[in-house]
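Comments concern the structure below.
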Amino acid sequence: MDDGHRETPEGHALLARARSLGASGRHGDAAELFGRAGAALEAERAGEEAIRAWRLAASSWSRAGDEVRAEVSLAEAVRVAREGRATQALSAALGELGVVVGRRGRAREAASFHHEALELAEAAGDARAQATHTGNLGLLAVGRGDWDEARELLRRAMDTHVRLEDPVGAATSLNALGGVERAAGSLEVARECFEAARELFRQAGNASGEATALANLGNLARAAGRLSEAEACFERGLELAKASGDVTAEARGLTDLGNIAATRGNRVRARELYEAARALAAVQRFELGMAAADVNLGNLEFEEGALDRAREAWVAAAESFRRGGEGRAAVDVASLIAQLDARRGELGVAERALAVAFEQARELGYDDARARIDVNLAALAFARGRVELAVTGFRAGAEYFGARSRALDRVICLLAAAEALIVAGRPDLAALEVAAAEDVTGALGAAAASREVEAMGARVRLAANPGSESAQQLCLAADRLEDAGRALEAMGHRLVAADGGLAPDAARALARAVMVRALALRTAPLALDAESLLLALGPADEAAVLRLYTLAAEAEEQGRRLLALRTRRRLVAVLRAQGRDGEAEALREGLCEEARAMGAKDELARLGRVARA
């Protein structure tokens, strides 16, 4: 192939300017110039330089989060290499194209590129390239959830890198192996892989690689609830990212530290870190970095009850992840959107979205996401009045995440199980779930999670001992929960307190306040629940009766049979207060049958108290 030894001003000048922009972190601008350089160098018959420019363009587009343009650039590199019969360059470009195509979700096509690249490397006797392509095939096996094949391929690649005395290649394989072991639930083996990778990167002076290994170690520690250990990893990784000029790793480090702050309840600091990460990613035109920050900013909005802003952020992030080939992240965000839709009363929409996300998670071999989706489906089953099924689903989730040392996920499941057990009329068993959650959060330093456990504990005590004192304690716990940034959960607990023994004037004021706020936040089920309680506490007139019938029908239309049952139980009380005992008793008897069928023994007991009132 003619390398075109004429150093013409345009091609090489563009290449030099693009390198300068890339070094300063302006990856999107650098990518455009690398592409222009590739076209110019090809026209100047500088074939090898043109291929290199197109590959650099692809790398820069990937750093900027634009995998579509990265694929186009690599396709150009492959075309030029094929036409010029540049075997070594073709092998490298095919391998890189396989990586990008794989990230975009086209696994079969990616595998064909990697296999062709491997054949070319084997024919040329290029052991280093063989190791790289073998490792890439291993990563595709990870995406399929084929852990055995992934381990075999990645270990083979690592052994070759070790034999070639290539510590960075070996460390890269170890990082990937750690990811396999973490996904497969072998967390101690994963930690050993990440530690070994970090040491190899450190010995090689590869600060960026060491930062990646530290991020993996930090996320492993955070999932297990070891927040101080995780924070130390993230802080050191951020230092290394800054020192190496790896803006992508720097944005990731800021986001990771934001997650620690959010877990500890320092929401102001969390927002500052997320916004700093997003601003840094935006300057570098790093779309996936912006999306990661948006997810976490959306989490803050959701917890504070700003559902419109949360959904907007999550939808945009999910699209960015899909474009960037980040299938697992897209599945996670799709699950968050489904949870939000369920909060708004759109259970059918949420169920369909979760079914799609579950299938995608299955195809990706993403077991943790499948387990979270199962827990979300259990929550929807609970809303539909399938109490026993919900308890089973929540407990299964707690067991799954407990076995994988995912402490915060386990706490969520334990508290959900406790709530369902209260409705099932088993506050004694609910107390055991809360105690287990207390054991987990006690060593975490996770302020928000601790407040959630405290509030659910107060709710269990109210269920066991209904009355004003227990209800007031739940209100105080709800106030502390809101201070920790959990506005929606706090409102739900306040309604339970108002319905469970507060003095009538205090209960009415609380129900009215929740209703107004829930309407403002467009959380229809919560607003409906608050309004029905307010009507039950107000004048027992015909308007209240008609409105309660309407609200119960609306709850049924939303698919929230448990809420409909609760609303009609309040209607029974209003009918009795009006002296319409026959109508009230007929309705109550029907509701008792519904409550028995649902397994909602707490509601059954309340209906019994209504009959004796």
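Just so we're on the same page: first chain in the structure tokens is A, next is B, and so on; residues restart at 1 for each chain, and ligands are numbered from 1 in the order they show up.
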
Legend entry - Exercise: A:Ala221 partners within 10 Å, only C-alpha atoms, chain neighbours under 3 positions left out, as a PyMOL selection string: chain A and resi 187+191+215-218+224-231+233+405-407

Inset, instruction - Give me every helix (DSSP H, G or I) residue in stretch 348-582 of chain A, going by DSSP on the backbone, as number ranges by chain. - result: A: 348-364, 367-383, 387-403, 407-423, 427-442, 447-464, 468-483, 487-498, 504-521, 524-537, 542-557, 561-577, 581-582

Legend entry - Minimum-distance residue to A:Glu531, chosen among A:Ala330, A:Ala518, A:Ala196, A:Val349 (using only C-alpha atoms): A:Ala518

Pick out the residues sitting within 8 Å of A:Val315, and hand them over as an mmCIF file with N, CA and C atoms, in the first residue's frame; count only C-alpha atoms, and ignore anything fewer than 5 positions along from it in its own chain.
```
data_model
loop_
_atom_site.group_PDB
_atom_site.id
_atom_site.type_symbol
_atom_site.label_atom_id
_atom_site.label_comp_id
_atom_site.auth_asym_id
_atom_site.auth_seq_id
_atom_site.Cartn_x
_atom_site.Cartn_y
_atom_site.Cartn_z
ATOM 1 N N VAL A 333 -32.782 2.341 33.660
ATOM 2 C CA VAL A 333 -33.562 3.577 33.601
ATOM 3 C C VAL A 333 -35.007 3.279 33.199
ATOM 4 N N ALA A 334 -35.205 2.319 32.302
ATOM 5 C CA ALA A 334 -36.569 1.942 31.929
ATOM 6 C C ALA A 334 -37.355 1.466 33.146
ATOM 7 N N ILE A 337 -38.439 4.532 35.151
ATOM 8 C CA ILE A 337 -39.590 5.203 34.526
ATOM 9 C C ILE A 337 -40.878 4.438 34.825
#
```

Inset, instruction - Please indicate the distance in Å from atom CA of A:Glu10 to atom CA of A:Leu41, rounded to one decimal place. - result: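 Result for atom CA of A:Glu10 versus atom CA of A:Leu41: 8.1 Å, one decimal.
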